[in-house]
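What's in my_file_22.cif: mmCIF, C-alpha atoms and all ligand atoms
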data_entry
loop_
_atom_site.group_PDB
_atom_site.id
_atom_site.type_symbol
_atom_site.label_atom_id
_atom_site.label_comp_id
_atom_site.auth_asym_id
_atom_site.auth_seq_id
_atom_site.Cartn_x
_atom_site.Cartn_y
_atom_site.Cartn_z
ATOM 1 C CA MET F 1 8.605 7.082 108.916
ATOM 2 C CA PHE F 2 11.372 4.600 108.304
ATOM 3 C CA ARG F 3 10.514 1.427 110.168
ATOM 4 C CA MET F 4 13.317 -0.979 110.927
ATOM 5 C CA SER F 5 11.182 -4.104 110.888
ATOM 6 C CA GLU F 6 9.694 -3.263 107.492
ATOM 7 C CA GLN F 7 13.100 -2.372 106.180
ATOM 8 C CA HIS F 8 14.261 -5.865 106.945
ATOM 9 C CA GLU F 9 11.232 -7.623 105.599
ATOM 10 C CA ARG F 10 9.717 -5.793 102.642
ATOM 11 C CA ILE F 11 11.707 -4.742 99.610
ATOM 12 C CA SER F 12 10.510 -3.842 96.123
ATOM 13 C CA ILE F 13 12.592 -4.392 93.024
ATOM 14 C CA LEU F 14 12.093 -2.284 89.892
ATOM 15 C CA GLY F 15 13.502 -4.126 86.890
ATOM 16 C CA LEU F 16 13.588 -7.825 86.174
ATOM 17 C CA GLY F 17 16.451 -8.085 83.744
ATOM 18 C CA ALA F 18 19.151 -10.648 84.444
ATOM 19 C CA MET F 19 20.418 -8.630 87.390
ATOM 20 C CA GLY F 20 17.047 -7.599 88.834
ATOM 21 C CA ARG F 21 15.940 -11.234 88.845
ATOM 22 C CA ALA F 22 19.147 -12.269 90.610
ATOM 23 C CA LEU F 23 18.677 -9.536 93.241
ATOM 24 C CA ALA F 24 15.067 -10.555 93.857
ATOM 25 C CA GLY F 25 16.078 -14.223 94.060
ATOM 26 C CA ALA F 26 18.784 -13.531 96.652
ATOM 27 C CA LEU F 27 16.368 -11.506 98.793
ATOM 28 C CA LEU F 28 13.717 -14.226 98.590
ATOM 29 C CA ALA F 29 16.284 -16.847 99.558
ATOM 30 C CA ALA F 30 17.043 -14.758 102.642
ATOM 31 C CA GLY F 31 13.380 -14.658 103.630
ATOM 32 C CA ARG F 32 12.570 -11.087 102.614
ATOM 33 C CA GLU F 33 9.088 -10.169 101.402
ATOM 34 C CA VAL F 34 9.776 -9.178 97.827
ATOM 35 C CA THR F 35 7.574 -7.236 95.422
ATOM 36 C CA VAL F 36 8.692 -7.001 91.815
ATOM 37 C CA TRP F 37 7.827 -4.785 88.878
ATOM 38 C CA ASN F 38 9.084 -4.819 85.316
ATOM 39 C CA ARG F 39 8.216 -2.537 82.388
ATOM 40 C CA THR F 40 7.412 -5.566 80.236
ATOM 41 C CA PRO F 41 5.147 -7.877 82.216
ATOM 42 C CA GLY F 42 5.686 -11.604 82.506
ATOM 43 C CA LYS F 43 9.409 -11.516 83.347
ATOM 44 C CA ALA F 44 9.060 -12.576 86.979
ATOM 45 C CA GLY F 45 9.529 -16.233 86.000
ATOM 46 C CA ASP F 46 9.978 -18.509 88.978
ATOM 47 C CA LEU F 47 10.226 -15.576 91.396
ATOM 48 C CA VAL F 48 6.466 -15.633 91.920
ATOM 49 C CA ALA F 49 6.532 -19.367 92.564
ATOM 50 C CA ARG F 50 9.256 -18.686 95.118
ATOM 51 C CA GLY F 51 7.088 -16.160 96.945
ATOM 52 C CA ALA F 52 7.539 -12.833 95.199
ATOM 53 C CA ARG F 53 4.532 -10.642 94.522
ATOM 54 C CA GLU F 54 4.428 -9.193 91.015
ATOM 55 C CA VAL F 55 2.721 -5.834 90.557
ATOM 56 C CA SER F 56 1.762 -4.130 87.326
ATOM 57 C CA SER F 57 2.655 -0.557 88.274
ATOM 58 C CA VAL F 58 5.639 1.272 89.713
ATOM 59 C CA GLU F 59 3.273 2.891 92.232
ATOM 60 C CA GLY F 60 2.213 -0.567 93.385
ATOM 61 C CA ALA F 61 5.833 -1.530 93.947
ATOM 62 C CA ILE F 62 6.620 1.666 95.868
ATOM 63 C CA ASP F 63 3.507 1.243 98.015
ATOM 64 C CA ALA F 64 4.347 -2.344 98.900
ATOM 65 C CA SER F 65 7.613 -1.579 100.713
ATOM 66 C CA ASP F 66 9.496 1.139 102.528
ATOM 67 C CA LEU F 67 12.584 0.271 100.541
ATOM 68 C CA THR F 68 12.616 0.256 96.744
ATOM 69 C CA VAL F 69 15.595 -0.922 94.712
ATOM 70 C CA ALA F 70 15.911 0.088 91.054
ATOM 71 C CA CYS F 71 18.001 -2.061 88.730
ATOM 72 C CA LEU F 72 17.253 -0.920 85.200
ATOM 73 C CA LEU F 73 19.249 -0.588 82.025
ATOM 74 C CA ASP F 74 20.668 2.904 82.494
ATOM 75 C CA ASP F 75 20.137 6.324 84.014
ATOM 76 C CA ALA F 76 17.598 7.352 81.346
ATOM 77 C CA SER F 77 15.418 4.333 82.124
ATOM 78 C CA VAL F 78 15.540 5.152 85.844
ATOM 79 C CA ARG F 79 14.467 8.754 85.162
ATOM 80 C CA GLU F 80 11.717 7.621 82.810
ATOM 81 C CA THR F 81 10.429 5.082 85.331
ATOM 82 C CA LEU F 82 10.528 7.369 88.363
ATOM 83 C CA ALA F 83 9.423 10.692 86.862
ATOM 84 C CA PRO F 84 5.662 9.980 86.946
ATOM 85 C CA VAL F 85 5.787 8.637 90.519
ATOM 86 C CA VAL F 86 8.556 10.582 92.211
ATOM 87 C CA GLN F 87 6.178 12.315 94.625
ATOM 88 C CA LYS F 88 5.151 8.920 95.921
ATOM 89 C CA LEU F 89 8.731 8.310 96.979
ATOM 90 C CA ALA F 90 8.713 11.222 99.446
ATOM 91 C CA ASP F 91 9.929 10.057 102.873
ATOM 92 C CA ARG F 92 10.699 6.661 101.423
ATOM 93 C CA THR F 93 14.019 5.071 100.569
ATOM 94 C CA LEU F 94 15.238 4.397 97.059
ATOM 95 C CA VAL F 95 18.453 2.523 96.309
ATOM 96 C CA ASN F 96 19.597 2.718 92.724
ATOM 97 C CA LEU F 97 21.712 -0.240 91.649
ATOM 98 C CA THR F 98 21.576 0.744 87.983
ATOM 99 C CA SER F 99 25.022 1.406 86.531
ATOM 100 C CA GLY F 100 25.769 4.918 85.333
ATOM 101 C CA SER F 101 28.236 7.767 85.445
ATOM 102 C CA VAL F 102 29.321 9.815 88.437
ATOM 103 C CA ARG F 103 27.546 12.920 87.172
ATOM 104 C CA GLN F 104 24.322 11.008 86.532
ATOM 105 C CA ALA F 105 24.336 9.724 90.112
ATOM 106 C CA ARG F 106 24.913 13.198 91.542
ATOM 107 C CA GLU F 107 22.131 14.683 89.403
ATOM 108 C CA LEU F 108 19.740 11.880 90.304
ATOM 109 C CA ASP F 109 20.512 12.499 93.965
ATOM 110 C CA ARG F 110 19.783 16.239 93.609
ATOM 111 C CA TRP F 111 16.522 15.572 91.772
ATOM 112 C CA LEU F 112 15.284 12.972 94.259
ATOM 113 C CA LYS F 113 16.174 15.139 97.246
ATOM 114 C CA GLU F 114 13.951 17.900 95.872
ATOM 115 C CA TYR F 115 11.106 15.460 96.464
ATOM 116 C CA GLY F 116 12.265 14.364 99.903
ATOM 117 C CA VAL F 117 13.396 10.931 98.799
ATOM 118 C CA ARG F 118 16.004 9.170 100.940
ATOM 119 C CA PHE F 119 18.471 8.038 98.325
ATOM 120 C CA LEU F 120 21.491 5.790 98.152
ATOM 121 C CA ALA F 121 23.435 5.197 94.961
ATOM 122 C CA GLY F 122 24.934 1.790 94.375
ATOM 123 C CA GLY F 123 27.201 -0.275 92.190
ATOM 124 C CA ILE F 124 26.992 -4.048 91.978
ATOM 125 C CA MET F 125 30.319 -5.819 92.169
ATOM 126 C CA ALA F 126 28.890 -9.142 91.048
ATOM 127 C CA VAL F 127 27.333 -10.767 88.018
ATOM 128 C CA PRO F 128 23.908 -12.437 88.217
ATOM 129 C CA PRO F 129 25.207 -15.936 89.109
ATOM 130 C CA THR F 130 27.429 -14.548 91.884
ATOM 131 C CA VAL F 131 24.860 -12.242 93.501
ATOM 132 C CA GLY F 132 24.491 -13.331 97.110
ATOM 133 C CA THR F 133 27.626 -15.472 97.045
ATOM 134 C CA GLU F 134 30.612 -15.022 99.298
ATOM 135 C CA GLY F 135 32.722 -12.876 96.995
ATOM 136 C CA ALA F 136 29.920 -10.546 95.936
ATOM 137 C CA PHE F 137 29.840 -7.016 97.273
ATOM 138 C CA ILE F 138 27.772 -3.937 96.603
ATOM 139 C CA LEU F 139 29.123 -0.394 96.677
ATOM 140 C CA TYR F 140 26.911 2.290 98.182
ATOM 141 C CA SER F 141 27.318 6.041 98.467
ATOM 142 C CA GLY F 142 25.218 8.708 100.118
ATOM 143 C CA ALA F 143 24.353 9.529 103.727
ATOM 144 C CA ARG F 144 26.197 7.229 106.117
ATOM 145 C CA ASP F 145 23.287 6.954 108.570
ATOM 146 C CA LEU F 146 20.956 5.903 105.774
ATOM 147 C CA PHE F 147 23.479 3.305 104.631
ATOM 148 C CA ASP F 148 23.724 1.956 108.179
ATOM 149 C CA ARG F 149 19.960 1.490 108.305
ATOM 150 C CA VAL F 150 19.601 -0.003 104.835
ATOM 151 C CA ALA F 151 22.679 -2.230 104.717
ATOM 152 C CA PRO F 152 21.269 -5.091 106.846
ATOM 153 C CA ALA F 153 18.214 -5.327 104.595
ATOM 154 C CA LEU F 154 20.332 -5.568 101.466
ATOM 155 C CA SER F 155 23.155 -7.698 102.822
ATOM 156 C CA PRO F 156 21.800 -10.893 101.158
ATOM 157 C CA LEU F 157 22.785 -9.365 97.805
ATOM 158 C CA GLY F 158 26.454 -9.199 98.726
ATOM 159 C CA ARG F 159 28.605 -7.541 101.376
ATOM 160 C CA PRO F 160 27.481 -3.902 101.648
ATOM 161 C CA HIS F 161 30.424 -1.525 101.262
ATOM 162 C CA TRP F 162 29.990 2.232 101.758
ATOM 163 C CA VAL F 163 32.407 4.416 99.793
ATOM 164 C CA GLY F 164 31.420 7.928 100.832
ATOM 165 C CA GLU F 165 28.802 10.631 101.281
ATOM 166 C CA ASP F 166 29.191 11.847 97.698
ATOM 167 C CA PRO F 167 26.374 10.108 95.803
ATOM 168 C CA GLY F 168 28.643 9.850 92.755
ATOM 169 C CA PHE F 169 31.252 7.741 94.519
ATOM 170 C CA ALA F 170 29.558 4.353 94.107
ATOM 171 C CA ALA F 171 29.589 4.925 90.326
ATOM 172 C CA LEU F 172 33.144 6.249 90.484
ATOM 173 C CA TYR F 173 34.489 3.198 92.322
ATOM 174 C CA ASP F 174 32.365 0.895 90.179
ATOM 175 C CA MET F 175 33.517 2.336 86.837
ATOM 176 C CA ALA F 176 37.156 2.471 87.942
ATOM 177 C CA ALA F 177 37.037 -1.151 89.120
ATOM 178 C CA LEU F 178 35.396 -2.184 85.863
ATOM 179 C CA SER F 179 38.141 -0.413 83.933
ATOM 180 C CA GLY F 180 40.671 -2.556 85.797
ATOM 181 C CA MET F 181 38.641 -5.664 85.033
ATOM 182 C CA TYR F 182 38.308 -4.865 81.329
ATOM 183 C CA GLY F 183 42.032 -4.169 81.163
ATOM 184 C CA ILE F 184 42.724 -7.664 82.447
ATOM 185 C CA GLY F 185 40.072 -9.035 80.080
ATOM 186 C CA ALA F 186 41.709 -7.320 77.103
ATOM 187 C CA GLY F 187 45.092 -8.754 78.064
ATOM 188 C CA VAL F 188 43.710 -12.238 78.540
ATOM 189 C CA ASP F 189 41.885 -12.182 75.190
ATOM 190 C CA HIS F 190 45.007 -10.937 73.480
ATOM 191 C CA ALA F 191 47.095 -13.648 75.129
ATOM 192 C CA VAL F 192 44.883 -16.556 74.049
ATOM 193 C CA ARG F 193 44.626 -15.241 70.495
ATOM 194 C CA MET F 194 48.414 -15.115 70.213
ATOM 195 C CA LEU F 195 48.670 -18.592 71.663
ATOM 196 C CA HIS F 196 46.059 -20.001 69.310
ATOM 197 C CA ALA F 197 47.428 -18.259 66.214
ATOM 198 C CA GLU F 198 50.862 -19.837 66.706
ATOM 199 C CA GLY F 199 49.457 -23.329 67.283
ATOM 200 C CA GLY F 200 49.518 -23.499 71.089
ATOM 201 C CA ASP F 201 46.892 -25.316 73.126
ATOM 202 C CA VAL F 202 44.719 -22.606 74.618
ATOM 203 C CA GLU F 203 43.166 -24.654 77.424
ATOM 204 C CA THR F 204 46.506 -25.956 78.656
ATOM 205 C CA PHE F 205 48.012 -22.479 78.441
ATOM 206 C CA LYS F 206 45.146 -20.970 80.417
ATOM 207 C CA ARG F 207 45.275 -23.613 83.142
ATOM 208 C CA GLU F 208 49.025 -24.156 83.498
ATOM 209 C CA VAL F 209 50.489 -20.775 82.642
ATOM 210 C CA LEU F 210 48.097 -17.848 82.315
ATOM 211 C CA ARG F 211 46.046 -18.290 85.461
ATOM 212 C CA PRO F 212 48.954 -19.048 87.848
ATOM 213 C CA TRP F 213 50.946 -16.216 86.294
ATOM 214 C CA LEU F 214 48.113 -13.719 86.718
ATOM 215 C CA GLU F 215 47.438 -14.911 90.255
ATOM 216 C CA GLN F 216 51.096 -14.301 91.075
ATOM 217 C CA MET F 217 51.157 -10.841 89.480
ATOM 218 C CA LEU F 218 47.723 -9.405 90.331
ATOM 219 C CA PRO F 219 48.568 -8.376 93.917
ATOM 220 C CA ILE F 220 51.791 -6.775 92.661
ATOM 221 C CA PHE F 221 49.962 -4.826 89.963
ATOM 222 C CA VAL F 222 47.245 -3.634 92.326
ATOM 223 C CA ALA F 223 49.723 -2.639 95.041
ATOM 224 C CA GLY F 224 51.953 -0.837 92.558
ATOM 225 C CA ALA F 225 49.264 1.066 90.655
ATOM 226 C CA ASP F 226 49.614 4.808 91.011
ATOM 227 C CA VAL F 227 48.754 7.985 89.176
ATOM 228 C CA SER F 228 52.264 9.038 88.237
ATOM 229 C CA ASP F 229 54.107 7.934 85.142
ATOM 230 C CA THR F 230 57.178 7.019 87.132
ATOM 231 C CA VAL F 231 58.437 3.454 87.256
ATOM 232 C CA PRO F 232 59.422 1.829 90.576
ATOM 233 C CA ASP F 233 63.172 1.961 91.232
ATOM 234 C CA GLU F 234 63.565 -1.797 90.996
ATOM 235 C CA TYR F 235 62.369 -1.775 87.385
ATOM 236 C CA ASN F 236 64.499 -0.364 84.629
ATOM 237 C CA PRO F 237 62.000 1.366 82.305
ATOM 238 C CA GLU F 238 64.247 0.756 79.331
ATOM 239 C CA MET F 239 64.186 -2.999 80.052
ATOM 240 C CA GLN F 240 60.392 -2.779 80.420
ATOM 241 C CA ALA F 241 60.068 -0.921 77.114
ATOM 242 C CA VAL F 242 62.133 -3.547 75.296
ATOM 243 C CA GLY F 243 60.024 -6.277 76.928
ATOM 244 C CA LEU F 244 56.805 -4.644 75.755
ATOM 245 C CA GLU F 245 58.212 -4.244 72.251
ATOM 246 C CA ASN F 246 58.982 -7.975 72.260
ATOM 247 C CA ILE F 247 55.385 -8.797 73.144
ATOM 248 C CA LEU F 248 54.118 -6.477 70.412
ATOM 249 C CA ALA F 249 56.493 -8.110 67.947
ATOM 250 C CA ALA F 250 55.282 -11.588 68.955
ATOM 251 C CA SER F 251 51.709 -10.398 68.565
ATOM 252 C CA GLY F 252 52.462 -9.024 65.095
ATOM 253 C CA GLU F 253 54.197 -12.267 64.076
ATOM 254 C CA ALA F 254 51.143 -14.212 65.231
ATOM 255 C CA GLY F 255 48.961 -11.936 63.108
ATOM 256 C CA VAL F 256 46.817 -10.858 66.058
ATOM 257 C CA PRO F 257 45.089 -7.583 65.120
ATOM 258 C CA ALA F 258 47.089 -4.607 66.322
ATOM 259 C CA ASP F 259 44.060 -2.883 67.845
ATOM 260 C CA LEU F 260 43.793 -5.685 70.412
ATOM 261 C CA ALA F 261 47.161 -4.637 71.816
ATOM 262 C CA GLY F 262 46.109 -1.185 73.051
ATOM 263 C CA HIS F 263 46.801 -2.146 76.653
ATOM 264 C CA LEU F 264 50.398 -2.995 75.720
ATOM 265 C CA ARG F 265 50.900 0.246 73.848
ATOM 266 C CA ALA F 266 49.639 2.221 76.844
ATOM 267 C CA SER F 267 52.258 0.515 79.020
ATOM 268 C CA LEU F 268 54.950 1.083 76.404
ATOM 269 C CA TRP F 269 54.073 4.797 76.282
ATOM 270 C CA ARG F 270 54.444 4.930 80.067
ATOM 271 C CA MET F 271 57.879 3.272 79.969
ATOM 272 C CA ARG F 272 59.156 5.463 77.152
ATOM 273 C CA ARG F 273 57.986 8.527 78.993
ATOM 274 C CA ALA F 274 59.783 7.359 82.152
ATOM 275 C CA VAL F 275 62.977 6.821 80.141
ATOM 276 C CA ALA F 276 62.672 10.302 78.600
ATOM 277 C CA THR F 277 62.018 11.916 81.986
ATOM 278 C CA ALA F 278 64.993 10.115 83.572
ATOM 279 C CA GLY F 279 67.263 11.133 80.690
HETATM 280 N N1 LIG O 301 24.248 -8.275 84.290
HETATM 281 C C1 LIG O 301 25.394 -8.011 84.909
HETATM 282 O O1 LIG O 301 26.364 -8.777 84.870
HETATM 283 C C2 LIG O 301 25.526 -6.736 85.718
HETATM 284 C C3 LIG O 301 26.590 -6.617 86.647
HETATM 285 C C4 LIG O 301 26.689 -5.456 87.410
HETATM 286 C C5 LIG O 301 25.793 -4.429 87.198
HETATM 287 N N2 LIG O 301 24.785 -4.569 86.270
HETATM 288 C C6 LIG O 301 23.872 -3.457 86.049
HETATM 289 O O2 LIG O 301 22.553 -3.801 86.410
HETATM 290 C C7 LIG O 301 21.648 -3.080 85.564
HETATM 291 C C8 LIG O 301 20.665 -4.062 84.964
HETATM 292 O O3 LIG O 301 21.402 -5.023 84.228
HETATM 293 P P1 LIG O 301 20.706 -6.342 83.652
HETATM 294 O O4 LIG O 301 21.802 -7.317 83.423
HETATM 295 O O5 LIG O 301 19.544 -6.707 84.468
HETATM 296 O O6 LIG O 301 20.205 -5.780 82.241
HETATM 297 P P2 LIG O 301 19.067 -6.403 81.304
HETATM 298 O O7 LIG O 301 18.970 -7.873 81.481
HETATM 299 O O8 LIG O 301 19.341 -5.877 79.937
HETATM 300 O O9 LIG O 301 17.711 -5.765 81.861
HETATM 301 C C9 LIG O 301 17.434 -4.409 81.649
HETATM 302 C C10 LIG O 301 16.241 -4.044 82.505
HETATM 303 O O10 LIG O 301 15.978 -2.642 82.328
HETATM 304 C C11 LIG O 301 14.608 -2.486 81.948
HETATM 305 N N3 LIG O 301 14.459 -1.295 81.119
HETATM 306 C C12 LIG O 301 15.186 -0.951 80.034
HETATM 307 N N4 LIG O 301 14.779 0.244 79.560
HETATM 308 C C13 LIG O 301 13.771 0.642 80.366
HETATM 309 C C14 LIG O 301 12.950 1.805 80.391
HETATM 310 N N5 LIG O 301 13.085 2.783 79.499
HETATM 311 N N6 LIG O 301 12.002 1.892 81.373
HETATM 312 C C15 LIG O 301 11.858 0.897 82.305
HETATM 313 N N7 LIG O 301 12.605 -0.222 82.310
HETATM 314 C C16 LIG O 301 13.553 -0.334 81.361
HETATM 315 C C17 LIG O 301 14.275 -3.750 81.207
HETATM 316 O O11 LIG O 301 12.873 -3.903 81.158
HETATM 317 P P3 LIG O 301 12.150 -4.689 79.941
HETATM 318 O O12 LIG O 301 12.156 -6.144 80.330
HETATM 319 O O13 LIG O 301 10.812 -4.092 79.892
HETATM 320 O O14 LIG O 301 12.979 -4.421 78.700
HETATM 321 C C18 LIG O 301 14.957 -4.774 82.112
HETATM 322 O O15 LIG O 301 14.205 -5.005 83.283
HETATM 323 C C19 LIG O 301 22.485 -2.339 84.523
HETATM 324 O O16 LIG O 301 22.648 -1.003 84.891
HETATM 325 C C20 LIG O 301 23.819 -3.078 84.575
HETATM 326 O O17 LIG O 301 24.908 -2.271 84.195
HETATM 327 C C21 LIG O 301 24.625 -5.707 85.549
#
What does this structure look like when you write it as structure tokens?
Amino acid sequence: MFRMSEQHERISILGLGAMGRALAGALLAAGREVTVWNRTPGKAGDLVARGAREVSSVEGAIDASDLTVACLLDDASVRETLAPVVQKLADRTLVNLTSGSVRQARELDRWLKEYGVRFLAGGIMAVPPTVGTEGAFILYSGARDLFDRVAPALSPLGRPHWVGEDPGFAALYDMAALSGMYGIGAGVDHAVRMLHAEGGDVETFKREVLRPWLEQMLPIFVAGADVSDTVPDEYNPEMQAVGLENILAASGEAGVPADLAGHLRASLWRMRRAVATAG
């Protein structure tokens, strides 16, 4: 049976990569009893000195706690790790914080349920240094009552945020949010390359222009994002298209490789389409 006190105290972590170590560290800092396992031994580092127990088998990790958290490279590594021991997970709780696709999460859920495993899928909205810090949050999907029972135990990792019963939704929200992040990253990289190529001071530009500009615009972009190709009434798509062409021209003049400007071309396509539709 699922015991509340154990849930709060004893947690096993499968995987001691950069993220697994950060998760274990945050749980130790919060006073949890932490058992760790990694495919390649000897990766527990200072976690053992800080109170973690390292075990040499996945079975040992599952046995040590009612709640097991997997944080491995990918879906295949989770399957490979759990396949020989899945029967041991019956009536126990597994939380998978390994990144993967929506379909992989749904299939993993189906497979684990065949063995009576209580399963929550997750997505970590943090990087190792920010795990357990104020801004960090973790997406979970799966049964709401299971989330309610598990969330307090895992709250030291970051604010627990449930996104739905569908086990694929944590991956869906995670991948979509990452797409937004990489879009910003691509734009930022492109911006500093242009700046540098034309002789500007990158650090000054980042501090005095790029960051305040993005901080001003980010809420507007997020609020305005939608799934249509229409352009809000207050923006003339033709003006937007000309503006994007200017940026592409400046990028070309600076000799910044054209393939780094994909995000601009996607916006230009959207504006041209809006102009065509309006006409
Ligand atoms: N790092 C981040 O910023 C970040 C942020 C959000 C989410 N995540 C997600 O967190 C997960 C782990 O990331 P990470 O940064 O810890 O990666 P990592 O440092 O590359 O560690 C990968 C871990 O997976 C294990 N592994 C790989 N293949 C395996 C297999 N076939 N069987 C068993 N174990 C296997 C590795 O064990 P060995 O030591 O034996 O190789 C190691 O413990 C990924 O899904 C990642 O997308 C990471």
Close residues to ligand LIG 301 (chain O) using all atoms listed in the file, limit 7 Å, as a list in words: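 My answer, listing the contacting residues, is Gly15, Leu16, Gly17, Ala18, Met19, Gly20, Asn38, Arg39, Thr40, Lys43, Cys71, Leu72, Leu73, Asp74, Ala76, Ser77, Val78, Glu80, Thr81, Leu97, Thr98, Ser99, Gly100, Gly123, Ile124, Met125, Ala126, Val127 and Pro128 of chain F.
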Residue contacts of Gly116 of chain F (7 Å, only C-alpha atoms) excluding same-chain residues fewer than 3 positions away, as JSON, numbers by chain: {"F": [90, 91, 112, 113]}
Expansion of the PyMOL selection byres (((chain F and resi 166) around 8) and not hetatm) into residues, as a PyMOL selection string: chain F and resi 106+141-142+164-165+167-169
Please return the centre and edge lengths, in Å to one decimal, of a box with edges along x, y and z that contains all listed atoms of segment 80-92 of chain F, widened by 3 Å on every side, as lines of an AutoDock Vina configuration file.
center_x = 8.4
center_y = 8.7
center_z = 92.8
size_x = 12.6
size_y = 13.2
size_z = 26.1
Just so the selection is clear, what residues does the PyMOL selection byres (((chain F and resi 205-212) around 10) and not hetatm) cover here, as a compact mmCIF listing (two decimals) with C-alpha atoms, in the coordinates of the input?
# COMPACT_ATOMS: atom_id res chain seq x y z
CA VAL F 188 43.71 -12.24 78.54
CA ALA F 191 47.10 -13.65 75.13
CA VAL F 192 44.88 -16.56 74.05
CA LEU F 195 48.67 -18.59 71.66
CA HIS F 196 46.06 -20.00 69.31
CA GLY F 200 49.52 -23.50 71.09
CA ASP F 201 46.89 -25.32 73.13
CA VAL F 202 44.72 -22.61 74.62
CA GLU F 203 43.17 -24.65 77.42
CA THR F 204 46.51 -25.96 78.66
CA TRP F 213 50.95 -16.22 86.29
CA LEU F 214 48.11 -13.72 86.72
CA GLU F 215 47.44 -14.91 90.26
CA GLN F 216 51.10 -14.30 91.08
CA MET F 217 51.16 -10.84 89.48
Answer key for the PyMOL selection byres (((chain F and resi 244) around 8) and not hetatm), residues as an NGL selection string: :F and (240-243 or 245-248 or 264-265 or 267-268)
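Put simply, atom CA of Met271 of chain F is 22.9 Å away from atom CA of Met194 of chain F.
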Test item: residues at most 8 Å from Leu139 of chain F, all atoms listed in the file, excluding those fewer than 6 positions along its chain, as a list of chain:residue names: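 Skipping anything fewer than 6 positions along the chain leaves F:Gly122, F:Gly123, F:Ile124, F:Met125, F:Pro160, F:His161, F:Trp162, F:Val163, F:Ala170, F:Tyr173, F:Asp174.
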Between atom CA of Thr68 of chain F and atom CA of Asp145 of chain F, distance in Å (one decimal):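 A separation of 17.3 Å between them.
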Minimum-distance residue to Pro237 of chain F, chosen among F:Gly262, F:Val275, F:Ala250, F:Val48 (using all atoms listed in the file):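 Residue with the minimum atom-to-atom distance to Pro237 of chain F: F:Val275.
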Atom CA of Phe119 of chain F to atom CA of Val95 of chain F, distance in Å rounded to a single decimal: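 Separating atom CA of Phe119 of chain F from atom CA of Val95 of chain F is a distance of 5.9 Å.
Ranking F:Arg21, F:Ser179, F:Gly51, F:Ser12 by their shortest atom-to-atom distance to Thr35 of chain F, with all atoms listed in the file included, puts F:Ser12 first.
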Do you know which residues are at most 7 Å from Ala26 of chain F counting all atoms listed in the file, after dropping those on the same chain fewer than 3 positions away, and could you put them as an mmCIF file with C-alpha atoms, in the coordinates of the input?
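Saved file out.cif follows:
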data_model
loop_
_atom_site.group_PDB
_atom_site.id
_atom_site.type_symbol
_atom_site.label_atom_id
_atom_site.label_comp_id
_atom_site.auth_asym_id
_atom_site.auth_seq_id
_atom_site.Cartn_x
_atom_site.Cartn_y
_atom_site.Cartn_z
ATOM 1 C CA ALA F 22 19.147 -12.269 90.610
ATOM 2 C CA LEU F 23 18.677 -9.536 93.241
ATOM 3 C CA ALA F 29 16.284 -16.847 99.558
ATOM 4 C CA ALA F 30 17.043 -14.758 102.642
ATOM 5 C CA VAL F 131 24.860 -12.242 93.501
ATOM 6 C CA GLY F 132 24.491 -13.331 97.110
ATOM 7 C CA PRO F 156 21.800 -10.893 101.158
ATOM 8 C CA LEU F 157 22.785 -9.365 97.805
#
Arg32 of chain F environment, 9 Å, all atoms listed in the file, sequence neighbours closer than 4 positions dropped, as a ChimeraX atom specification: /F:8-11,26-28,153
Please produce a file of the residues just selected, as a compact mmCIF listing (two decimals), in the frame of the given file, where the atoms kept are C-alpha atoms.
# COMPACT_ATOMS: atom_id res chain seq x y z
CA HIS F 8 14.26 -5.86 106.94
CA GLU F 9 11.23 -7.62 105.60
CA ARG F 10 9.72 -5.79 102.64
CA ILE F 11 11.71 -4.74 99.61
CA ALA F 26 18.78 -13.53 96.65
CA LEU F 27 16.37 -11.51 98.79
CA LEU F 28 13.72 -14.23 98.59
CA ALA F 153 18.21 -5.33 104.60
Near-Leu47 of chain F list (8 Å; all atoms listed in the file; drop same-chain fewer than 2 positions) as a ChimeraX atom specification: /F:21,24-25,44-45,49-52
